[in-house]
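Structure file structure.pdb (PDB, C-alpha atoms) is printed below.
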```
ATOM      1  CA  MET A  27     -13.605  23.853  -2.590
ATOM      2  CA  LYS A  28     -13.405  22.156  -5.963
ATOM      3  CA  ILE A  29     -10.646  19.562  -5.692
ATOM      4  CA  LEU A  30      -9.073  17.262  -8.262
ATOM      5  CA  LEU A  31      -8.171  13.969  -6.603
ATOM      6  CA  THR A  32      -6.048  11.667  -8.748
ATOM      7  CA  GLY A  33      -6.103   7.945  -8.048
ATOM      8  CA  ALA A  34      -9.684   8.171  -6.766
ATOM      9  CA  ALA A  35     -10.378   4.480  -7.470
ATOM     10  CA  GLY A  36      -7.308   3.467  -5.498
ATOM     11  CA  PHE A  37      -7.051   2.378  -1.882
ATOM     12  CA  ILE A  38      -5.919   5.658  -0.318
ATOM     13  CA  GLY A  39      -7.723   7.744  -2.933
ATOM     14  CA  TYR A  40     -11.059   6.143  -2.058
ATOM     15  CA  HIS A  41     -10.750   6.855   1.671
ATOM     16  CA  THR A  42      -9.408  10.374   1.114
ATOM     17  CA  SER A  43     -12.276  11.154  -1.263
ATOM     18  CA  LEU A  44     -14.775  10.104   1.415
ATOM     19  CA  ASN A  45     -13.035  12.306   3.989
ATOM     20  CA  LEU A  46     -12.962  15.373   1.740
ATOM     21  CA  LEU A  47     -16.572  14.843   0.655
ATOM     22  CA  ALA A  48     -17.613  14.681   4.309
ATOM     23  CA  ARG A  49     -15.944  18.087   4.767
ATOM     24  CA  GLY A  50     -18.207  19.564   2.088
ATOM     25  CA  HIS A  51     -15.765  19.734  -0.828
ATOM     26  CA  GLU A  52     -16.597  18.973  -4.465
ATOM     27  CA  ILE A  53     -14.384  16.146  -5.739
ATOM     28  CA  VAL A  54     -13.489  15.363  -9.332
ATOM     29  CA  GLY A  55     -11.938  11.918  -9.094
ATOM     30  CA  LEU A  56      -9.453  10.856 -11.771
ATOM     31  CA  ASP A  57      -8.219   7.314 -12.409
ATOM     32  CA  ASN A  58      -7.109   5.264 -15.420
ATOM     33  CA  LEU A  59      -8.458   1.990 -13.942
ATOM     34  CA  ASN A  60      -5.378   0.019 -14.994
ATOM     35  CA  ASP A  61      -5.168  -3.710 -14.380
ATOM     36  CA  TYR A  62      -2.196  -3.759 -11.986
ATOM     37  CA  TYR A  63      -4.691  -5.449  -9.659
ATOM     38  CA  ASP A  64      -8.367  -6.461  -9.775
ATOM     39  CA  VAL A  65     -10.230  -3.729 -11.660
ATOM     40  CA  ASN A  66     -13.498  -4.902 -10.100
ATOM     41  CA  LEU A  67     -12.229  -3.799  -6.693
ATOM     42  CA  LYS A  68     -11.494  -0.348  -8.113
ATOM     43  CA  LYS A  69     -14.939  -0.214  -9.709
ATOM     44  CA  ALA A  70     -16.564  -1.198  -6.422
ATOM     45  CA  ARG A  71     -14.830   1.707  -4.672
ATOM     46  CA  LEU A  72     -15.951   4.078  -7.431
ATOM     47  CA  GLU A  73     -19.514   2.815  -7.236
ATOM     48  CA  ARG A  74     -19.651   3.773  -3.568
ATOM     49  CA  LEU A  75     -18.098   7.178  -4.221
ATOM     50  CA  SER A  76     -20.511   7.829  -7.085
ATOM     51  CA  ARG A  77     -23.415   7.683  -4.638
ATOM     52  CA  LYS A  78     -22.200  11.043  -3.304
ATOM     53  CA  PRO A  79     -23.721  14.003  -5.180
ATOM     54  CA  ALA A  80     -20.503  16.048  -4.909
ATOM     55  CA  PHE A  81     -18.344  13.373  -6.585
ATOM     56  CA  ARG A  82     -17.677  13.063 -10.318
ATOM     57  CA  PHE A  83     -15.413  10.515 -11.988
ATOM     58  CA  VAL A  84     -13.114  11.141 -14.953
ATOM     59  CA  LYS A  85     -11.345   8.207 -16.573
ATOM     60  CA  LEU A  86      -7.973   9.514 -17.742
ATOM     61  CA  ASP A  87      -4.321   8.503 -17.710
ATOM     62  CA  LEU A  88      -1.954  10.942 -16.014
ATOM     63  CA  ALA A  89       0.559  10.447 -18.830
ATOM     64  CA  ASP A  90      -1.980  11.694 -21.416
ATOM     65  CA  ASP A  91      -0.513  15.166 -21.930
ATOM     66  CA  ALA A  92      -3.360  16.569 -24.007
ATOM     67  CA  GLY A  93      -6.086  15.016 -21.863
ATOM     68  CA  MET A  94      -4.596  16.391 -18.649
ATOM     69  CA  LYS A  95      -4.138  19.851 -20.167
ATOM     70  CA  GLU A  96      -7.763  19.924 -21.299
ATOM     71  CA  LEU A  97      -9.073  18.692 -17.948
ATOM     72  CA  PHE A  98      -7.278  21.392 -15.960
ATOM     73  CA  ALA A  99      -8.312  24.130 -18.399
ATOM     74  CA  ARG A 100     -11.964  23.040 -18.319
ATOM     75  CA  GLU A 101     -12.439  22.435 -14.604
ATOM     76  CA  LYS A 102     -10.341  25.205 -12.975
ATOM     77  CA  PHE A 103      -9.646  23.324  -9.747
ATOM     78  CA  GLN A 104      -8.890  25.278  -6.588
ATOM     79  CA  ARG A 105      -6.723  22.515  -5.092
ATOM     80  CA  VAL A 106      -5.258  19.224  -6.229
ATOM     81  CA  VAL A 107      -4.663  16.058  -4.193
ATOM     82  CA  HIS A 108      -2.373  13.884  -6.301
ATOM     83  CA  LEU A 109      -2.481  10.291  -5.042
ATOM     84  CA  ALA A 110      -2.351   8.398  -8.353
ATOM     85  CA  ALA A 111       0.814   6.385  -8.949
ATOM     86  CA  GLN A 112       2.091   3.067 -10.113
ATOM     87  CA  ALA A 113       2.325   1.450  -6.701
ATOM     88  CA  GLY A 114       4.187  -1.547  -5.353
ATOM     89  CA  VAL A 115       7.837  -1.716  -4.328
ATOM     90  CA  ARG A 116       8.532  -5.213  -5.629
ATOM     91  CA  TYR A 117       6.726  -4.809  -8.947
ATOM     92  CA  SER A 118       9.070  -1.922  -9.770
ATOM     93  CA  LEU A 119      11.813  -4.509 -10.216
ATOM     94  CA  GLN A 120       9.755  -6.150 -12.970
ATOM     95  CA  ASP A 121       8.346  -3.186 -14.904
ATOM     96  CA  PRO A 122      10.328  -0.021 -14.123
ATOM     97  CA  HIS A 123       9.073   1.814 -17.223
ATOM     98  CA  SER A 124       5.493   1.883 -15.898
ATOM     99  CA  TYR A 125       6.739   3.719 -12.790
ATOM    100  CA  VAL A 126       8.454   6.431 -14.798
ATOM    101  CA  ARG A 127       5.383   6.923 -17.034
ATOM    102  CA  SER A 128       2.953   7.222 -14.136
ATOM    103  CA  ASN A 129       5.011   8.632 -11.286
ATOM    104  CA  VAL A 130       7.335  10.986 -13.181
ATOM    105  CA  THR A 131       5.600  11.933 -16.446
ATOM    106  CA  GLY A 132       2.191  11.807 -14.740
ATOM    107  CA  THR A 133       3.327  14.047 -11.895
ATOM    108  CA  LEU A 134       4.883  16.474 -14.376
ATOM    109  CA  ASN A 135       1.507  16.776 -16.116
ATOM    110  CA  VAL A 136      -0.165  17.473 -12.773
ATOM    111  CA  LEU A 137       2.424  20.153 -11.974
ATOM    112  CA  GLU A 138       1.939  21.739 -15.393
ATOM    113  CA  GLY A 139      -1.832  21.731 -14.931
ATOM    114  CA  CYS A 140      -1.489  23.438 -11.564
ATOM    115  CA  ARG A 141       1.007  25.971 -12.902
ATOM    116  CA  HIS A 142      -1.118  27.122 -15.819
ATOM    117  CA  ASN A 143      -4.512  27.162 -14.124
ATOM    118  CA  GLY A 144      -4.078  29.019 -10.851
ATOM    119  CA  VAL A 145      -4.275  26.046  -8.471
ATOM    120  CA  GLU A 146      -3.924  27.308  -4.895
ATOM    121  CA  HIS A 147      -2.222  24.228  -3.413
ATOM    122  CA  LEU A 148      -0.940  20.875  -4.645
ATOM    123  CA  VAL A 149      -0.758  18.034  -2.117
ATOM    124  CA  TYR A 150       0.874  14.863  -3.411
ATOM    125  CA  ALA A 151       1.687  11.401  -2.118
ATOM    126  CA  SER A 152       5.256  10.369  -1.496
ATOM    127  CA  THR A 153       6.460   7.361   0.485
ATOM    128  CA  SER A 154       8.622   6.239   3.387
ATOM    129  CA  SER A 155      10.537   4.236   0.768
ATOM    130  CA  VAL A 156      12.452   7.407  -0.163
ATOM    131  CA  TYR A 157      14.462   6.953   3.049
ATOM    132  CA  GLY A 158      15.984   3.858   1.451
ATOM    133  CA  ALA A 159      19.390   3.083   2.923
ATOM    134  CA  ASN A 160      18.875   5.466   5.870
ATOM    135  CA  THR A 161      18.967   3.716   9.244
ATOM    136  CA  ASP A 162      18.798   6.680  11.644
ATOM    137  CA  MET A 163      15.434   6.209  13.388
ATOM    138  CA  PRO A 164      12.882   7.673  13.449
ATOM    139  CA  PHE A 165      12.997   8.766   9.815
ATOM    140  CA  SER A 166      12.929  12.557   9.751
ATOM    141  CA  PRO A 167      11.983  14.783   6.801
ATOM    142  CA  HIS A 168      14.705  17.150   8.028
ATOM    143  CA  ARG A 169      17.413  14.690   6.972
ATOM    144  CA  ILE A 170      18.552  13.946   3.434
ATOM    145  CA  ALA A 171      16.726  11.085   1.691
ATOM    146  CA  ASP A 172      18.826  10.581  -1.429
ATOM    147  CA  HIS A 173      19.656   6.869  -1.264
ATOM    148  CA  PRO A 174      16.496   5.089  -2.519
ATOM    149  CA  LEU A 175      16.711   1.323  -3.003
ATOM    150  CA  THR A 176      14.032   0.808  -5.695
ATOM    151  CA  ILE A 177      12.841   2.517  -8.870
ATOM    152  CA  TYR A 178       9.503   3.082  -7.109
ATOM    153  CA  ALA A 179      11.235   5.071  -4.364
ATOM    154  CA  ALA A 180      13.390   6.923  -6.898
ATOM    155  CA  THR A 181      10.319   8.048  -8.870
ATOM    156  CA  LYS A 182       8.651   9.277  -5.689
ATOM    157  CA  ARG A 183      11.774  11.205  -4.685
ATOM    158  CA  SER A 184      11.777  12.660  -8.200
ATOM    159  CA  SER A 185       8.227  13.907  -7.602
ATOM    160  CA  GLU A 186       9.390  15.741  -4.487
ATOM    161  CA  LEU A 187      12.260  17.380  -6.367
ATOM    162  CA  MET A 188      10.049  18.383  -9.307
ATOM    163  CA  ALA A 189       7.513  19.854  -6.893
ATOM    164  CA  HIS A 190      10.218  22.034  -5.352
ATOM    165  CA  THR A 191      11.239  23.392  -8.747
ATOM    166  CA  TYR A 192       7.622  24.391  -9.490
ATOM    167  CA  SER A 193       7.309  26.008  -6.069
ATOM    168  CA  SER A 194      10.516  27.906  -6.807
ATOM    169  CA  LEU A 195       9.964  28.844 -10.449
ATOM    170  CA  PHE A 196       6.217  29.487 -10.402
ATOM    171  CA  ASN A 197       5.407  30.122  -6.719
ATOM    172  CA  LEU A 198       3.123  27.053  -6.691
ATOM    173  CA  PRO A 199       2.469  25.919  -3.094
ATOM    174  CA  THR A 200       3.251  22.181  -2.878
ATOM    175  CA  THR A 201       3.171  19.747   0.022
ATOM    176  CA  GLY A 202       4.511  16.193  -0.197
ATOM    177  CA  LEU A 203       3.347  13.498   2.222
ATOM    178  CA  ARG A 204       5.515  10.478   2.921
ATOM    179  CA  PHE A 205       3.138   7.641   3.792
ATOM    180  CA  PHE A 206       4.243   4.796   6.070
ATOM    181  CA  THR A 207       2.907   1.242   5.414
ATOM    182  CA  VAL A 208      -0.766   2.033   4.914
ATOM    183  CA  TYR A 209      -3.343  -0.701   5.621
ATOM    184  CA  GLY A 210      -7.077  -1.067   6.172
ATOM    185  CA  PRO A 211     -10.419  -1.906   4.503
ATOM    186  CA  TRP A 212     -10.571  -1.780   0.697
ATOM    187  CA  GLY A 213      -6.803  -2.362   0.579
ATOM    188  CA  ARG A 214      -4.771  -3.492  -2.417
ATOM    189  CA  PRO A 215      -4.498  -7.254  -3.084
ATOM    190  CA  ASP A 216      -0.690  -7.034  -3.364
ATOM    191  CA  MET A 217      -0.291  -5.688   0.180
ATOM    192  CA  ALA A 218       0.833  -7.865   3.086
ATOM    193  CA  LEU A 219      -2.376  -7.681   5.135
ATOM    194  CA  PHE A 220      -4.505  -8.681   2.129
ATOM    195  CA  LEU A 221      -2.153 -11.516   1.129
ATOM    196  CA  PHE A 222      -1.839 -12.834   4.688
ATOM    197  CA  THR A 223      -5.591 -12.763   5.298
ATOM    198  CA  ARG A 224      -6.437 -14.468   2.021
ATOM    199  CA  ASN A 225      -3.845 -17.226   2.406
ATOM    200  CA  ILE A 226      -4.705 -17.948   6.029
ATOM    201  CA  LEU A 227      -8.384 -18.273   5.140
ATOM    202  CA  GLU A 228      -7.507 -20.577   2.238
ATOM    203  CA  ASP A 229      -5.109 -22.682   4.358
ATOM    204  CA  LYS A 230      -2.141 -21.633   2.232
ATOM    205  CA  PRO A 231       1.285 -20.648   3.592
ATOM    206  CA  ILE A 232       2.219 -16.980   3.932
ATOM    207  CA  ASP A 233       5.623 -15.640   2.889
ATOM    208  CA  VAL A 234       7.345 -14.017   5.862
ATOM    209  CA  PHE A 235      10.299 -12.039   4.522
ATOM    210  CA  ASN A 236      13.434 -11.149   6.472
ATOM    211  CA  ASN A 237      12.593 -14.231   8.559
ATOM    212  CA  GLY A 238       9.959 -12.184  10.380
ATOM    213  CA  HIS A 239      12.388  -9.572  11.702
ATOM    214  CA  HIS A 240      10.748  -6.613   9.949
ATOM    215  CA  ARG A 241       9.449  -3.690  11.996
ATOM    216  CA  ARG A 242       6.942  -1.424  10.273
ATOM    217  CA  ASP A 243       5.189   1.804  11.164
ATOM    218  CA  PHE A 244       1.779   0.407  10.139
ATOM    219  CA  THR A 245      -0.621   3.313   9.546
ATOM    220  CA  TYR A 246      -4.396   2.921   9.314
ATOM    221  CA  VAL A 247      -5.814   4.267   6.058
ATOM    222  CA  GLU A 248      -8.455   6.534   7.609
ATOM    223  CA  ASP A 249      -5.698   8.175   9.660
ATOM    224  CA  ILE A 250      -3.821   8.797   6.416
ATOM    225  CA  ALA A 251      -6.951  10.285   4.821
ATOM    226  CA  GLU A 252      -7.477  12.618   7.779
ATOM    227  CA  GLY A 253      -3.880  13.803   7.551
ATOM    228  CA  VAL A 254      -4.156  14.418   3.807
ATOM    229  CA  ALA A 255      -7.386  16.388   4.233
ATOM    230  CA  ARG A 256      -5.938  18.600   6.960
ATOM    231  CA  VAL A 257      -2.790  19.290   4.959
ATOM    232  CA  CYS A 258      -4.847  20.096   1.853
ATOM    233  CA  GLU A 259      -6.618  22.850   3.751
ATOM    234  CA  ARG A 260      -3.331  24.356   5.002
ATOM    235  CA  VAL A 261      -1.536  25.954   2.059
ATOM    236  CA  ALA A 262       2.251  25.552   2.092
ATOM    237  CA  GLN A 263       4.182  28.706   2.961
ATOM    238  CA  PRO A 264       7.824  29.752   2.581
ATOM    239  CA  SER A 265       9.913  29.164   5.692
ATOM    240  CA  PRO A 266      11.458  32.390   7.034
ATOM    241  CA  GLU A 267      14.040  30.308   8.941
ATOM    242  CA  TRP A 268      15.312  28.446   5.864
ATOM    243  CA  ASN A 269      19.077  28.780   5.493
ATOM    244  CA  SER A 270      20.723  28.082   2.141
ATOM    245  CA  ALA A 271      24.069  27.460   3.878
ATOM    246  CA  SER A 272      22.482  24.631   5.884
ATOM    247  CA  PRO A 273      19.376  23.677   3.891
ATOM    248  CA  ASP A 274      16.511  21.826   5.569
ATOM    249  CA  PRO A 275      15.162  19.291   3.012
ATOM    250  CA  SER A 276      11.608  19.514   4.391
ATOM    251  CA  THR A 277      11.167  23.278   3.924
ATOM    252  CA  SER A 278      12.366  26.048   1.636
ATOM    253  CA  ARG A 279      12.412  29.778   1.060
ATOM    254  CA  VAL A 280       9.575  29.028  -1.401
ATOM    255  CA  PRO A 281       6.107  27.541  -0.608
ATOM    256  CA  PHE A 282       7.199  23.921  -0.278
ATOM    257  CA  ARG A 283       6.783  21.376   2.522
ATOM    258  CA  LEU A 284       7.430  17.692   3.186
ATOM    259  CA  TYR A 285       5.762  15.741   6.012
ATOM    260  CA  ASN A 286       5.759  12.176   7.252
ATOM    261  CA  ILE A 287       2.408  10.541   7.983
ATOM    262  CA  GLY A 288       2.864   7.432  10.111
ATOM    263  CA  ASN A 289       1.566   5.872  13.294
ATOM    264  CA  HIS A 290       4.878   6.596  15.080
ATOM    265  CA  GLN A 291       4.723   3.139  16.691
ATOM    266  CA  PRO A 292       6.738   0.490  14.799
ATOM    267  CA  VAL A 293       5.347  -3.029  15.184
ATOM    268  CA  GLU A 294       7.159  -6.345  14.770
ATOM    269  CA  LEU A 295       5.932  -8.215  11.700
ATOM    270  CA  MET A 296       5.358 -11.341  13.805
ATOM    271  CA  ARG A 297       3.063  -9.354  16.128
ATOM    272  CA  TYR A 298       1.156  -8.067  13.097
ATOM    273  CA  ILE A 299       0.649 -11.655  11.942
ATOM    274  CA  GLU A 300      -0.492 -12.660  15.450
ATOM    275  CA  VAL A 301      -3.202  -9.980  15.338
ATOM    276  CA  ILE A 302      -4.414 -11.245  11.955
ATOM    277  CA  GLU A 303      -4.516 -14.796  13.354
ATOM    278  CA  GLU A 304      -6.504 -13.616  16.377
ATOM    279  CA  CYS A 305      -9.021 -11.793  14.179
ATOM    280  CA  LEU A 306      -9.438 -14.794  11.874
ATOM    281  CA  GLY A 307      -9.401 -17.441  14.596
ATOM    282  CA  ARG A 308      -6.848 -19.404  12.567
ATOM    283  CA  LYS A 309      -3.117 -20.011  12.640
ATOM    284  CA  ALA A 310      -0.924 -19.114   9.671
ATOM    285  CA  GLN A 311       1.393 -21.546   7.952
ATOM    286  CA  LYS A 312       4.574 -19.469   7.784
ATOM    287  CA  ARG A 313       7.241 -19.776   5.102
ATOM    288  CA  PHE A 314      10.282 -17.830   6.326
ATOM    289  CA  LEU A 315      12.305 -16.147   3.589
ATOM    290  CA  PRO A 316      15.290 -13.757   3.429
ATOM    291  CA  LEU A 317      15.109  -9.984   2.988
ATOM    292  CA  GLN A 318      13.777  -9.074  -0.464
ATOM    293  CA  PRO A 319      15.766  -6.788  -2.809
ATOM    294  CA  GLY A 320      14.708  -3.191  -2.158
ATOM    295  CA  ASP A 321      13.192  -3.952   1.256
ATOM    296  CA  VAL A 322      14.375  -2.277   4.452
ATOM    297  CA  PRO A 323      14.320  -3.957   7.876
ATOM    298  CA  GLU A 324      12.525  -1.143   9.712
ATOM    299  CA  THR A 325      10.457   2.016   9.227
ATOM    300  CA  PHE A 326       9.591   4.563  11.898
ATOM    301  CA  ALA A 327       8.071   8.007  11.212
ATOM    302  CA  ASP A 328       8.957  11.249  12.952
ATOM    303  CA  ILE A 329       5.608  13.076  12.781
ATOM    304  CA  GLU A 330       6.319  16.083  15.009
ATOM    305  CA  ASP A 331       6.033  18.569  12.134
ATOM    306  CA  LEU A 332       2.637  17.204  11.102
ATOM    307  CA  ALA A 333       1.380  17.339  14.695
ATOM    308  CA  ARG A 334       2.614  20.900  15.143
ATOM    309  CA  ASP A 335       1.358  22.321  11.848
ATOM    310  CA  VAL A 336      -2.021  20.622  11.406
ATOM    311  CA  GLY A 337      -2.686  19.348  14.932
ATOM    312  CA  TYR A 338      -2.951  15.696  14.005
ATOM    313  CA  ARG A 339      -1.268  12.415  14.962
ATOM    314  CA  PRO A 340      -2.351   9.072  13.484
ATOM    315  CA  ALA A 341      -3.154   6.815  16.430
ATOM    316  CA  THR A 342      -5.265   3.803  15.399
ATOM    317  CA  PRO A 343      -3.701   0.671  16.966
ATOM    318  CA  ILE A 344      -3.188  -2.377  14.749
ATOM    319  CA  GLU A 345      -5.603  -4.387  16.902
ATOM    320  CA  VAL A 346      -8.395  -2.030  15.810
ATOM    321  CA  GLY A 347      -7.262  -1.448  12.227
ATOM    322  CA  VAL A 348      -6.624  -5.101  11.386
ATOM    323  CA  ARG A 349     -10.003  -6.089  12.841
ATOM    324  CA  ARG A 350     -11.719  -3.557  10.588
ATOM    325  CA  PHE A 351      -9.854  -4.907   7.572
ATOM    326  CA  VAL A 352     -10.692  -8.541   8.387
ATOM    327  CA  ASP A 353     -14.361  -7.672   8.889
ATOM    328  CA  TRP A 354     -14.416  -5.880   5.524
ATOM    329  CA  TYR A 355     -12.545  -8.702   3.766
ATOM    330  CA  CYS A 356     -14.835 -11.428   5.082
ATOM    331  CA  GLU A 357     -17.924  -9.437   4.091
ATOM    332  CA  TYR A 358     -16.635  -8.383   0.653
ATOM    333  CA  TYR A 359     -15.343 -11.849  -0.298
ATOM    334  CA  GLN A 360     -18.050 -13.710   1.649
ATOM    335  CA  TYR A 361     -15.717 -15.591   3.983
ATOM    336  CA  ARG A 362     -16.564 -16.490   7.536
ATOM    337  CA  SER A 363     -13.730 -16.311  10.051
ATOM    338  CA  LYS A 364     -13.651 -18.861  12.867
ATOM    339  CA  ALA A 365     -13.200 -15.967  15.292
ATOM    340  CA  SER A 366     -16.772 -14.832  14.492
ATOM    341  CA  ASP A 367     -18.325 -18.233  15.220
TER     342      ASP A 367
END
```

Written as structure tokens, how would this file's structure read?
Amino acid sequence: MKILLTGAAGFIGYHTSLNLLARGHEIVGLDNLNDYYDVNLKKARLERLSRKPAFRFVKLDLADDAGMKELFAREKFQRVVHLAAQAGVRYSLQDPHSYVRSNVTGTLNVLEGCRHNGVEHLVYASTSSVYGANTDMPFSPHRIADHPLTIYAATKRSSELMAHTYSSLFNLPTTGLRFFTVYGPWGRPDMALFLFTRNILEDKPIDVFNNGHHRRDFTYVEDIAEGVARVCERVAQPSPEWNSASPDPSTSRVPFRLYNIGNHQPVELMRYIEVIEECLGRKAQKRFLPLQPGDVPETFADIEDLARDVGYRPATPIEVGVRRFVDWYCEYYQYRSKASD
């Protein structure tokens, strides 16, 4: 199939592009290459993708109404995988307007492109952050998620709601995927694993928020990519069991679905740090700090729907995933870990 993949130069977009290319699809990768983090890292991902004959890159901002309209009209995509977004929970406290431009206006332009050009299925990235103030574990897509704690989470929840209206008004099949704490090679420099690894190697302290009492459903990026690819190939359908008197938020009488993608095995933050230390052969200098605004103490994904509908459960243990990240980091940045000596 011919697939538009937005955010192709990003962390998850890069790995998902590789997965879809390996399945024989043609990928048109879109990205605006903004400078939220090191553009050279984004360009390095794109350089590797551009070696694949079935990959083409388009530099374009999602919020460019005319550019997006022209792209959809010209290319006539069969499916769309929408992963582009202004990412980062904490940065949304500093620059909320960038989140609305990218995550709300940008998603609206994607929805409009799909609506007017016969796209068969839109798959888009959401986040576990939409669960916000919820504490009933594991987080289930069948329960209401209307108490987000950050603008980032609110914009992602908005994307889910907008997608449902397009499924309802225009019969556009849409599937939203709530990702849980994604990590792995080629990761973003603002993410915990990247920050911890860099600081430990440079003998700098690491910031351990919530005094180390976090529990996270750490999910390896290639597991995420596999889940996205499988969902892309399974077009959302209306649910015959949906009941308007007791509405299930994850389904609808129209072609709309929401899934969690997580490892379904929450890990203590201190154990995560231990694994990084073991892979690097160095001990971290830890600076214990309180819970950050917008952070939640724990995440835990209920993935039964994903397993049932597409036959897939992420399962890479952190001992394997962190090792792969550390190996990539040391090679890419030309460090040598003591554990490899």

Around the point (2.5, 0.7, -9.6), in the coordinates given by the file, pick out the residues reaching within 9 Å, counting all atoms listed in the file, and return them as a ChimeraX atom specification.
/A:62,111-115,117-118,121,124-125,128-129,178

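Counting from CA of Asp229 (chain A), the distance to CA of Arg308 (chain A) is 9.0 Å.
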
Step by step, work through what the PyMOL selection byres ((chain A and resi 348) around 9) selects in the shown file, and finish by giving those residues as a ChimeraX atom specification.
/A:209-211,219,246,298,301-302,305,343-347,349-353

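The space separating CA of Asn286 (chain A) from CA of Phe222 (chain A) comes to 26.3 Å.
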
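The closest residue to Thr181 (chain A), picked from A:Lys102, A:His108, A:Arg127, A:Arg334 and counting all atoms listed in the file, is A:Arg127.
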